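Chemist: Starting off with a structure, shown below.
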Amino acid sequence: QVQVVESGGGSVQGGGSLRLSCAASGTILSIDGMGWYRQAPGKQRELVATITSGGRTNYADSVKGRFTISRDNAKNTMYLQMNSLKPEDTGTYYCNAQTRVRSYWGQGTQVTVSS
């Protein structure tokens with residue numbers, strides 16, 4: 001079993017920055033990839049960024065150049081540095097941890113960007 005808990009959300013004006021954290025616990029060694037997803041009101045959950053155990057990253061086109069995903073394996077924590085935030089980045093951000101047998105989700109953290 002794996003548990004993931006997000007933190008770091010909040011409200012910020014457009015152009016500002018936030019850093020999200022995702023702390024993983026449980027059978028950490030079973031985790032392969034991790035990622036951040038978001039869901040805006042009335043919309044489907046979408047991929048923001050992913051990172052493999054080896055550090056390979058992937059980003060949604062909408063956040064490339066503005067967001068940076070990273071992973072500190074020693075601390076069992078994943079981060080999402082979000083810069084130049086836009087109102088369309090508003091939503092609930094979810095942490096995901098993927099093992100070979102299933103996917104684990106956190107409760108989500110709210111990010112609100114005002115214009």
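Residue numbers start at 1 in each chain; chains themselves are named A, B, ... in the order of the structure tokens; ligands are numbered from 1 in the order shown.
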Find the residues near A:Pro87: any atom within 6 Å, counting only C-alpha atoms, skip ones fewer than 6 places away on the same chain, and give them as a PDB file with all heavy atoms, in the first residue's frame.
Modeler:
```
ATOM      1  N   VAL A 113      -5.912  30.943  -8.929  1.00  0.00           N
ATOM      2  CA  VAL A 113      -5.138  32.043  -9.501  1.00  0.00           C
ATOM      3  C   VAL A 113      -6.112  33.123  -9.963  1.00  0.00           C
ATOM      4  O   VAL A 113      -6.983  32.874 -10.789  1.00  0.00           O
ATOM      5  CB  VAL A 113      -4.286  31.566 -10.688  1.00  0.00           C
ATOM      6  CG1 VAL A 113      -3.421  32.708 -11.200  1.00  0.00           C
ATOM      7  CG2 VAL A 113      -3.430  30.376 -10.292  1.00  0.00           C
ATOM      8  N   SER A 114      -5.950  34.302  -9.422  1.00  0.00           N
ATOM      9  CA  SER A 114      -6.840  35.410  -9.779  1.00  0.00           C
ATOM     10  C   SER A 114      -6.174  36.302 -10.831  1.00  0.00           C
ATOM     11  O   SER A 114      -4.954  36.418 -10.887  1.00  0.00           O
ATOM     12  CB  SER A 114      -7.182  36.217  -8.542  1.00  0.00           C
ATOM     13  OG  SER A 114      -6.006  36.723  -7.942  1.00  0.00           O
ATOM     14  N   SER A 115      -7.027  36.920 -11.613  1.00  0.00           N
ATOM     15  CA  SER A 115      -6.498  37.798 -12.678  1.00  0.00           C
ATOM     16  C   SER A 115      -6.279  39.214 -12.186  1.00  0.00           C
ATOM     17  O   SER A 115      -6.698  39.576 -11.100  1.00  0.00           O
ATOM     18  CB  SER A 115      -7.461  37.801 -13.861  1.00  0.00           C
ATOM     19  OG  SER A 115      -8.740  38.208 -13.433  1.00  0.00           O
TER      20      SER A 115
END
```
Chemist: A:Ala49: which residues within 8 Å, counting only C-alpha atoms, same-chain residues fewer than 6 positions away excluded, as a PyMOL selection string?
Modeler: chain A and resi 35-37+57-60+69
Chemist: Would you put the residues from that selection into a file with all heavy atoms, as an mmCIF file, in the first residue's frame?
Modeler:
```cif
data_model
loop_
_atom_site.group_PDB
_atom_site.id
_atom_site.type_symbol
_atom_site.label_atom_id
_atom_site.label_comp_id
_atom_site.auth_asym_id
_atom_site.auth_seq_id
_atom_site.Cartn_x
_atom_site.Cartn_y
_atom_site.Cartn_z
ATOM 1 N N GLY A 35 3.189 11.605 -10.517
ATOM 2 C CA GLY A 35 2.762 12.719 -11.351
ATOM 3 C C GLY A 35 1.781 13.633 -10.658
ATOM 4 O O GLY A 35 1.276 13.338 -9.573
ATOM 5 N N TRP A 36 1.569 14.759 -11.300
ATOM 6 C CA TRP A 36 0.578 15.746 -10.861
ATOM 7 C C TRP A 36 -0.523 15.830 -11.922
ATOM 8 O O TRP A 36 -0.232 15.887 -13.125
ATOM 9 C CB TRP A 36 1.207 17.113 -10.678
ATOM 10 C CG TRP A 36 2.122 17.203 -9.510
ATOM 11 C CD1 TRP A 36 3.486 17.097 -9.503
ATOM 12 C CD2 TRP A 36 1.735 17.422 -8.150
ATOM 13 N NE1 TRP A 36 3.968 17.220 -8.231
ATOM 14 C CE2 TRP A 36 2.912 17.431 -7.376
ATOM 15 C CE3 TRP A 36 0.515 17.624 -7.503
ATOM 16 C CZ2 TRP A 36 2.907 17.617 -5.994
ATOM 17 C CZ3 TRP A 36 0.515 17.814 -6.143
ATOM 18 C CH2 TRP A 36 1.689 17.809 -5.391
ATOM 19 N N TYR A 37 -1.748 15.852 -11.452
ATOM 20 C CA TYR A 37 -2.909 16.034 -12.296
ATOM 21 C C TYR A 37 -3.746 17.155 -11.695
ATOM 22 O O TYR A 37 -3.615 17.461 -10.513
ATOM 23 C CB TYR A 37 -3.734 14.744 -12.363
ATOM 24 C CG TYR A 37 -3.027 13.615 -13.077
ATOM 25 C CD1 TYR A 37 -1.979 12.945 -12.457
ATOM 26 C CD2 TYR A 37 -3.391 13.226 -14.357
ATOM 27 C CE1 TYR A 37 -1.304 11.915 -13.107
ATOM 28 C CE2 TYR A 37 -2.728 12.195 -15.017
ATOM 29 C CZ TYR A 37 -1.687 11.552 -14.379
ATOM 30 O OH TYR A 37 -1.020 10.539 -15.031
ATOM 31 N N THR A 57 11.053 13.350 -17.199
ATOM 32 C CA THR A 57 9.860 14.163 -16.989
ATOM 33 C C THR A 57 9.042 14.328 -18.259
ATOM 34 O O THR A 57 9.555 14.201 -19.379
ATOM 35 C CB THR A 57 10.237 15.560 -16.458
ATOM 36 O OG1 THR A 57 11.090 16.203 -17.411
ATOM 37 C CG2 THR A 57 10.960 15.452 -15.121
ATOM 38 N N ASN A 58 7.771 14.631 -18.041
ATOM 39 C CA ASN A 58 6.842 14.873 -19.144
ATOM 40 C C ASN A 58 5.861 15.944 -18.677
ATOM 41 O O ASN A 58 5.420 15.917 -17.522
ATOM 42 C CB ASN A 58 6.091 13.591 -19.508
ATOM 43 C CG ASN A 58 5.105 13.820 -20.624
ATOM 44 O OD1 ASN A 58 5.465 14.252 -21.698
ATOM 45 N ND2 ASN A 58 3.834 13.526 -20.371
ATOM 46 N N TYR A 59 5.553 16.893 -19.572
ATOM 47 C CA TYR A 59 4.681 18.009 -19.197
ATOM 48 C C TYR A 59 3.548 18.178 -20.204
ATOM 49 O O TYR A 59 3.721 17.931 -21.402
ATOM 50 C CB TYR A 59 5.468 19.320 -19.158
ATOM 51 C CG TYR A 59 6.536 19.377 -18.103
ATOM 52 C CD1 TYR A 59 7.844 18.989 -18.376
ATOM 53 C CD2 TYR A 59 6.244 19.831 -16.818
ATOM 54 C CE1 TYR A 59 8.823 19.046 -17.409
ATOM 55 C CE2 TYR A 59 7.224 19.900 -15.844
ATOM 56 C CZ TYR A 59 8.513 19.498 -16.151
ATOM 57 O OH TYR A 59 9.493 19.557 -15.180
ATOM 58 N N ALA A 60 2.418 18.637 -19.706
ATOM 59 C CA ALA A 60 1.353 19.076 -20.595
ATOM 60 C C ALA A 60 1.839 20.325 -21.330
ATOM 61 O O ALA A 60 2.582 21.136 -20.767
ATOM 62 C CB ALA A 60 0.100 19.396 -19.801
ATOM 63 N N ILE A 69 8.566 19.800 -12.446
ATOM 64 C CA ILE A 69 8.328 18.674 -11.547
ATOM 65 C C ILE A 69 9.679 18.111 -11.122
ATOM 66 O O ILE A 69 10.629 18.062 -11.908
ATOM 67 C CB ILE A 69 7.463 17.578 -12.223
ATOM 68 C CG1 ILE A 69 7.034 16.521 -11.210
ATOM 69 C CG2 ILE A 69 8.174 16.962 -13.415
ATOM 70 C CD1 ILE A 69 6.000 15.534 -11.773
#
```
Chemist: Which distance in Å separates atom CA of A:Arg102 and atom CA of A:Ser62, to one decimal?
Modeler: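 These atoms are spaced 27.2 Å apart.
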Chemist: Taking the backbone alone, and naming residues the way the document does, which bits of chain A are strand (DSSP E or B) by DSSP, as a PyMOL selection string?
Modeler: chain A and resi 2-7+10-13+18-26+34-39+46-51+57-59+67-72+77-82+91-98+103-105+109-114
Chemist: When you look at A:Val48 with a cut-off of 12 Å (counting only C-alpha atoms), what residues show up, excluding the ones that are within fewer than 3 positions of it in the same chain? I need them as a short mmCIF file (atom, residue, chain, number, x, y, z; two decimals) with all heavy atoms, in the first residue's frame.
Modeler:
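Dumped everything to part.cif:
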```cif
data_model
loop_
_atom_site.label_atom_id
_atom_site.label_comp_id
_atom_site.auth_asym_id
_atom_site.auth_seq_id
_atom_site.Cartn_x
_atom_site.Cartn_y
_atom_site.Cartn_z
N MET A 34 5.54 8.91 -10.79
CA MET A 34 4.67 9.79 -10.01
C MET A 34 4.26 10.96 -10.91
O MET A 34 4.93 11.25 -11.91
CB MET A 34 5.36 10.30 -8.76
CG MET A 34 5.72 9.21 -7.77
SD MET A 34 6.40 9.87 -6.23
CE MET A 34 4.93 10.56 -5.46
N GLY A 35 3.19 11.61 -10.52
CA GLY A 35 2.76 12.72 -11.35
C GLY A 35 1.78 13.63 -10.66
O GLY A 35 1.28 13.34 -9.57
N TRP A 36 1.57 14.76 -11.30
CA TRP A 36 0.58 15.75 -10.86
C TRP A 36 -0.52 15.83 -11.92
O TRP A 36 -0.23 15.89 -13.12
CB TRP A 36 1.21 17.11 -10.68
CG TRP A 36 2.12 17.20 -9.51
CD1 TRP A 36 3.49 17.10 -9.50
CD2 TRP A 36 1.73 17.42 -8.15
NE1 TRP A 36 3.97 17.22 -8.23
CE2 TRP A 36 2.91 17.43 -7.38
CE3 TRP A 36 0.52 17.62 -7.50
CZ2 TRP A 36 2.91 17.62 -5.99
CZ3 TRP A 36 0.51 17.81 -6.14
CH2 TRP A 36 1.69 17.81 -5.39
N TYR A 37 -1.75 15.85 -11.45
CA TYR A 37 -2.91 16.03 -12.30
C TYR A 37 -3.75 17.16 -11.70
O TYR A 37 -3.62 17.46 -10.51
CB TYR A 37 -3.73 14.74 -12.36
CG TYR A 37 -3.03 13.61 -13.08
CD1 TYR A 37 -1.98 12.95 -12.46
CD2 TYR A 37 -3.39 13.23 -14.36
CE1 TYR A 37 -1.30 11.92 -13.11
CE2 TYR A 37 -2.73 12.19 -15.02
CZ TYR A 37 -1.69 11.55 -14.38
OH TYR A 37 -1.02 10.54 -15.03
N ARG A 38 -4.61 17.76 -12.51
CA ARG A 38 -5.48 18.81 -11.97
C ARG A 38 -6.86 18.68 -12.56
O ARG A 38 -7.06 18.14 -13.64
CB ARG A 38 -4.89 20.19 -12.26
CG ARG A 38 -4.88 20.58 -13.73
CD ARG A 38 -4.15 21.90 -13.91
NE ARG A 38 -4.10 22.30 -15.31
CZ ARG A 38 -3.37 23.30 -15.77
NH1 ARG A 38 -2.61 24.03 -14.94
NH2 ARG A 38 -3.40 23.61 -17.07
N GLN A 39 -7.81 19.23 -11.82
CA GLN A 39 -9.20 19.21 -12.27
C GLN A 39 -9.83 20.55 -11.95
O GLN A 39 -9.89 20.96 -10.78
CB GLN A 39 -9.97 18.08 -11.59
CG GLN A 39 -11.37 17.89 -12.14
CD GLN A 39 -11.99 16.59 -11.69
OE1 GLN A 39 -11.53 15.97 -10.72
NE2 GLN A 39 -13.01 16.14 -12.39
N ARG A 45 -10.36 15.58 -15.15
CA ARG A 45 -9.01 15.61 -14.60
C ARG A 45 -8.01 15.48 -15.75
O ARG A 45 -8.19 14.65 -16.64
CB ARG A 45 -8.81 14.48 -13.59
CG ARG A 45 -7.54 14.58 -12.78
CD ARG A 45 -7.51 13.52 -11.68
NE ARG A 45 -8.60 13.70 -10.73
CZ ARG A 45 -8.70 12.99 -9.60
NH1 ARG A 45 -7.78 12.07 -9.32
NH2 ARG A 45 -9.72 13.18 -8.79
N ILE A 51 6.88 12.21 -13.64
CA ILE A 51 8.31 11.96 -13.48
C ILE A 51 8.51 10.49 -13.15
O ILE A 51 7.80 9.92 -12.32
CB ILE A 51 8.91 12.88 -12.39
CG1 ILE A 51 10.43 12.72 -12.33
CG2 ILE A 51 8.26 12.64 -11.03
CD1 ILE A 51 11.11 13.82 -11.51
N THR A 57 11.05 13.35 -17.20
CA THR A 57 9.86 14.16 -16.99
C THR A 57 9.04 14.33 -18.26
O THR A 57 9.56 14.20 -19.38
CB THR A 57 10.24 15.56 -16.46
OG1 THR A 57 11.09 16.20 -17.41
CG2 THR A 57 10.96 15.45 -15.12
N ASN A 58 7.77 14.63 -18.04
CA ASN A 58 6.84 14.87 -19.14
C ASN A 58 5.86 15.94 -18.68
O ASN A 58 5.42 15.92 -17.52
CB ASN A 58 6.09 13.59 -19.51
CG ASN A 58 5.10 13.82 -20.62
OD1 ASN A 58 5.47 14.25 -21.70
ND2 ASN A 58 3.83 13.53 -20.37
N TYR A 59 5.55 16.89 -19.57
CA TYR A 59 4.68 18.01 -19.20
C TYR A 59 3.55 18.18 -20.20
O TYR A 59 3.72 17.93 -21.40
CB TYR A 59 5.47 19.32 -19.16
CG TYR A 59 6.54 19.38 -18.10
CD1 TYR A 59 7.84 18.99 -18.38
CD2 TYR A 59 6.24 19.83 -16.82
CE1 TYR A 59 8.82 19.05 -17.41
CE2 TYR A 59 7.22 19.90 -15.84
CZ TYR A 59 8.51 19.50 -16.15
OH TYR A 59 9.49 19.56 -15.18
N ALA A 60 2.42 18.64 -19.71
CA ALA A 60 1.35 19.08 -20.60
C ALA A 60 1.84 20.32 -21.33
O ALA A 60 2.58 21.14 -20.77
CB ALA A 60 0.10 19.40 -19.80
N ASP A 61 1.42 20.47 -22.58
CA ASP A 61 1.85 21.62 -23.36
C ASP A 61 1.51 22.94 -22.68
O ASP A 61 2.26 23.92 -22.77
CB ASP A 61 1.21 21.59 -24.75
CG ASP A 61 1.80 20.49 -25.64
OD1 ASP A 61 2.91 20.00 -25.32
OD2 ASP A 61 1.15 20.13 -26.63
N SER A 62 0.39 22.97 -21.96
CA SER A 62 -0.09 24.21 -21.36
C SER A 62 0.80 24.70 -20.22
O SER A 62 0.70 25.86 -19.82
CB SER A 62 -1.51 24.02 -20.85
OG SER A 62 -1.56 22.98 -19.88
N VAL A 63 1.66 23.83 -19.69
CA VAL A 63 2.49 24.24 -18.54
C VAL A 63 3.98 24.22 -18.85
O VAL A 63 4.80 24.61 -18.01
CB VAL A 63 2.21 23.36 -17.30
CG1 VAL A 63 0.73 23.36 -16.97
CG2 VAL A 63 2.74 21.94 -17.49
N LYS A 64 4.35 23.77 -20.04
CA LYS A 64 5.77 23.71 -20.40
C LYS A 64 6.41 25.08 -20.31
O LYS A 64 5.85 26.07 -20.77
CB LYS A 64 5.93 23.16 -21.82
CG LYS A 64 5.78 21.66 -21.92
CD LYS A 64 5.96 21.19 -23.36
CE LYS A 64 5.78 19.69 -23.46
NZ LYS A 64 5.87 19.20 -24.86
N ARG A 66 6.80 26.76 -17.66
CA ARG A 66 6.32 27.48 -16.47
C ARG A 66 6.38 26.60 -15.22
O ARG A 66 6.64 27.09 -14.12
CB ARG A 66 4.88 27.95 -16.67
CG ARG A 66 4.71 28.89 -17.83
CD ARG A 66 3.29 29.49 -17.87
NE ARG A 66 2.26 28.47 -18.04
CZ ARG A 66 1.27 28.28 -17.18
NH1 ARG A 66 1.16 29.02 -16.10
NH2 ARG A 66 0.36 27.35 -17.42
N PHE A 67 6.11 25.31 -15.38
CA PHE A 67 6.09 24.38 -14.25
C PHE A 67 7.29 23.45 -14.31
O PHE A 67 7.75 23.09 -15.39
CB PHE A 67 4.82 23.52 -14.28
CG PHE A 67 3.54 24.25 -14.00
CD1 PHE A 67 3.47 25.63 -13.95
CD2 PHE A 67 2.37 23.54 -13.80
CE1 PHE A 67 2.28 26.30 -13.70
CE2 PHE A 67 1.17 24.17 -13.55
CZ PHE A 67 1.12 25.56 -13.49
N THR A 68 7.77 23.06 -13.12
CA THR A 68 8.86 22.11 -13.04
C THR A 68 8.53 21.04 -12.02
O THR A 68 8.25 21.36 -10.86
CB THR A 68 10.18 22.79 -12.64
OG1 THR A 68 10.50 23.82 -13.58
CG2 THR A 68 11.32 21.79 -12.61
N ILE A 69 8.57 19.80 -12.45
CA ILE A 69 8.33 18.67 -11.55
C ILE A 69 9.68 18.11 -11.12
O ILE A 69 10.63 18.06 -11.91
CB ILE A 69 7.46 17.58 -12.22
CG1 ILE A 69 7.03 16.52 -11.21
CG2 ILE A 69 8.17 16.96 -13.41
CD1 ILE A 69 6.00 15.53 -11.77
N LEU A 80 6.10 20.22 -7.30
CA LEU A 80 5.71 20.91 -8.53
C LEU A 80 5.90 22.39 -8.30
O LEU A 80 5.15 23.01 -7.54
CB LEU A 80 4.26 20.60 -8.92
CG LEU A 80 3.83 21.18 -10.26
CD1 LEU A 80 4.57 20.49 -11.41
CD2 LEU A 80 2.32 21.07 -10.45
N GLN A 81 6.94 22.94 -8.92
CA GLN A 81 7.16 24.38 -8.86
C GLN A 81 6.39 25.02 -9.98
O GLN A 81 6.60 24.69 -11.15
CB GLN A 81 8.66 24.69 -8.99
CG GLN A 81 8.99 26.17 -9.00
CD GLN A 81 8.68 26.83 -7.68
OE1 GLN A 81 9.00 26.30 -6.62
NE2 GLN A 81 8.07 28.01 -7.72
N MET A 82 5.48 25.92 -9.63
CA MET A 82 4.61 26.56 -10.61
C MET A 82 4.92 28.05 -10.64
O MET A 82 4.72 28.75 -9.65
CB MET A 82 3.15 26.32 -10.25
CG MET A 82 2.79 24.85 -10.10
SD MET A 82 1.03 24.57 -9.84
CE MET A 82 0.80 25.32 -8.23
N ASP A 89 -4.92 28.08 -14.67
CA ASP A 89 -4.26 27.04 -13.87
C ASP A 89 -5.06 26.70 -12.62
O ASP A 89 -4.70 25.77 -11.88
CB ASP A 89 -2.86 27.49 -13.45
CG ASP A 89 -1.91 27.64 -14.62
OD1 ASP A 89 -1.91 26.77 -15.51
OD2 ASP A 89 -1.15 28.64 -14.64
N GLY A 91 -7.55 25.15 -10.08
CA GLY A 91 -8.14 23.83 -9.98
C GLY A 91 -7.64 23.08 -8.77
O GLY A 91 -6.83 23.62 -7.98
N THR A 92 -8.12 21.87 -8.63
CA THR A 92 -7.62 21.00 -7.57
C THR A 92 -6.50 20.15 -8.15
O THR A 92 -6.69 19.50 -9.18
CB THR A 92 -8.74 20.10 -7.03
OG1 THR A 92 -9.80 20.90 -6.55
CG2 THR A 92 -8.21 19.23 -5.88
N TYR A 93 -5.36 20.18 -7.49
CA TYR A 93 -4.19 19.45 -7.96
C TYR A 93 -4.02 18.16 -7.17
O TYR A 93 -4.02 18.19 -5.93
CB TYR A 93 -2.95 20.33 -7.84
CG TYR A 93 -2.86 21.36 -8.95
CD1 TYR A 93 -3.77 22.42 -9.00
CD2 TYR A 93 -1.90 21.30 -9.94
CE1 TYR A 93 -3.73 23.35 -10.02
CE2 TYR A 93 -1.83 22.23 -10.97
CZ TYR A 93 -2.76 23.25 -11.00
OH TYR A 93 -2.71 24.19 -12.01
N TYR A 94 -3.88 17.07 -7.89
CA TYR A 94 -3.79 15.75 -7.28
C TYR A 94 -2.43 15.12 -7.55
O TYR A 94 -1.91 15.19 -8.66
CB TYR A 94 -4.86 14.83 -7.84
CG TYR A 94 -6.27 15.24 -7.54
CD1 TYR A 94 -6.98 16.04 -8.42
CD2 TYR A 94 -6.90 14.84 -6.37
CE1 TYR A 94 -8.28 16.43 -8.16
CE2 TYR A 94 -8.21 15.22 -6.10
CZ TYR A 94 -8.89 16.02 -7.00
OH TYR A 94 -10.18 16.40 -6.73
N CYS A 95 -1.92 14.49 -6.52
CA CYS A 95 -0.69 13.71 -6.64
C CYS A 95 -1.05 12.27 -6.98
O CYS A 95 -2.02 11.72 -6.45
CB CYS A 95 0.07 13.77 -5.32
SG CYS A 95 1.49 12.66 -5.22
N ASN A 96 -0.27 11.67 -7.85
CA ASN A 96 -0.49 10.28 -8.24
C ASN A 96 0.81 9.51 -8.11
O ASN A 96 1.87 9.99 -8.50
CB ASN A 96 -0.98 10.21 -9.68
CG ASN A 96 -1.08 8.80 -10.19
OD1 ASN A 96 -0.16 8.29 -10.83
ND2 ASN A 96 -2.18 8.14 -9.90
#
```
Chemist: Please tabulate, as JSON lines, the residues of stretch 26-111 of chain A that come within 8 Å of stretch 2-22 of chain A, each with its closest pair of atoms and the distance in Å to one decimal, counting only C-alpha atoms and ordering rows by chain, then residue number upward.
Modeler:
```
{"residue": "A:Gly26", "atom": "CA", "partner": "A:Val2", "partner_atom": "CA", "distance": 4.6}
{"residue": "A:Thr27", "atom": "CA", "partner": "A:Val2", "partner_atom": "CA", "distance": 5.6}
{"residue": "A:Ile28", "atom": "CA", "partner": "A:Val2", "partner_atom": "CA", "distance": 6.7}
{"residue": "A:Thr77", "atom": "CA", "partner": "A:Cys22", "partner_atom": "CA", "distance": 5.4}
{"residue": "A:Met78", "atom": "CA", "partner": "A:Cys22", "partner_atom": "CA", "distance": 5.0}
{"residue": "A:Tyr79", "atom": "CA", "partner": "A:Ser21", "partner_atom": "CA", "distance": 4.5}
{"residue": "A:Leu80", "atom": "CA", "partner": "A:Leu20", "partner_atom": "CA", "distance": 5.0}
{"residue": "A:Gln81", "atom": "CA", "partner": "A:Arg19", "partner_atom": "CA", "distance": 4.5}
{"residue": "A:Met82", "atom": "CA", "partner": "A:Leu18", "partner_atom": "CA", "distance": 5.2}
{"residue": "A:Asn83", "atom": "CA", "partner": "A:Ser17", "partner_atom": "CA", "distance": 4.4}
{"residue": "A:Ser84", "atom": "CA", "partner": "A:Gly15", "partner_atom": "CA", "distance": 4.1}
{"residue": "A:Leu85", "atom": "CA", "partner": "A:Gly15", "partner_atom": "CA", "distance": 4.9}
{"residue": "A:Lys86", "atom": "CA", "partner": "A:Gly14", "partner_atom": "CA", "distance": 5.0}
{"residue": "A:Pro87", "atom": "CA", "partner": "A:Gly14", "partner_atom": "CA", "distance": 6.3}
{"residue": "A:Tyr94", "atom": "CA", "partner": "A:Glu6", "partner_atom": "CA", "distance": 7.1}
{"residue": "A:Cys95", "atom": "CA", "partner": "A:Cys22", "partner_atom": "CA", "distance": 6.2}
{"residue": "A:Asn96", "atom": "CA", "partner": "A:Val4", "partner_atom": "CA", "distance": 7.4}
{"residue": "A:Ala97", "atom": "CA", "partner": "A:Val4", "partner_atom": "CA", "distance": 7.3}
{"residue": "A:Tyr104", "atom": "CA", "partner": "A:Val2", "partner_atom": "CA", "distance": 6.7}
{"residue": "A:Trp105", "atom": "CA", "partner": "A:Val4", "partner_atom": "CA", "distance": 6.6}
{"residue": "A:Gly106", "atom": "CA", "partner": "A:Val4", "partner_atom": "CA", "distance": 5.1}
{"residue": "A:Gln107", "atom": "CA", "partner": "A:Val5", "partner_atom": "CA", "distance": 6.9}
{"residue": "A:Gly108", "atom": "CA", "partner": "A:Glu6", "partner_atom": "CA", "distance": 6.1}
{"residue": "A:Thr109", "atom": "CA", "partner": "A:Gly9", "partner_atom": "CA", "distance": 5.3}
{"residue": "A:Gln110", "atom": "CA", "partner": "A:Gly9", "partner_atom": "CA", "distance": 5.2}
{"residue": "A:Val111", "atom": "CA", "partner": "A:Gly9", "partner_atom": "CA", "distance": 5.0}
```
Chemist: Go through A:Gln98, A:Ser103, A:Thr90, A:Asn76 and flag the residue nearest A:Pro41, using only C-alpha atoms for the distances.
Modeler: A:Thr90
Chemist: What is the atom CA of A:Ala40 to atom CA of A:Glu88 distance in Å?
Modeler: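 Computing it gives 8.5 Å between the two atoms.
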Chemist: Between atom CA of A:Val101 and atom CA of A:Ser30, what is the spacing in Å?
Modeler: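 Rounded to one decimal, the two atoms are 9.3 Å apart.
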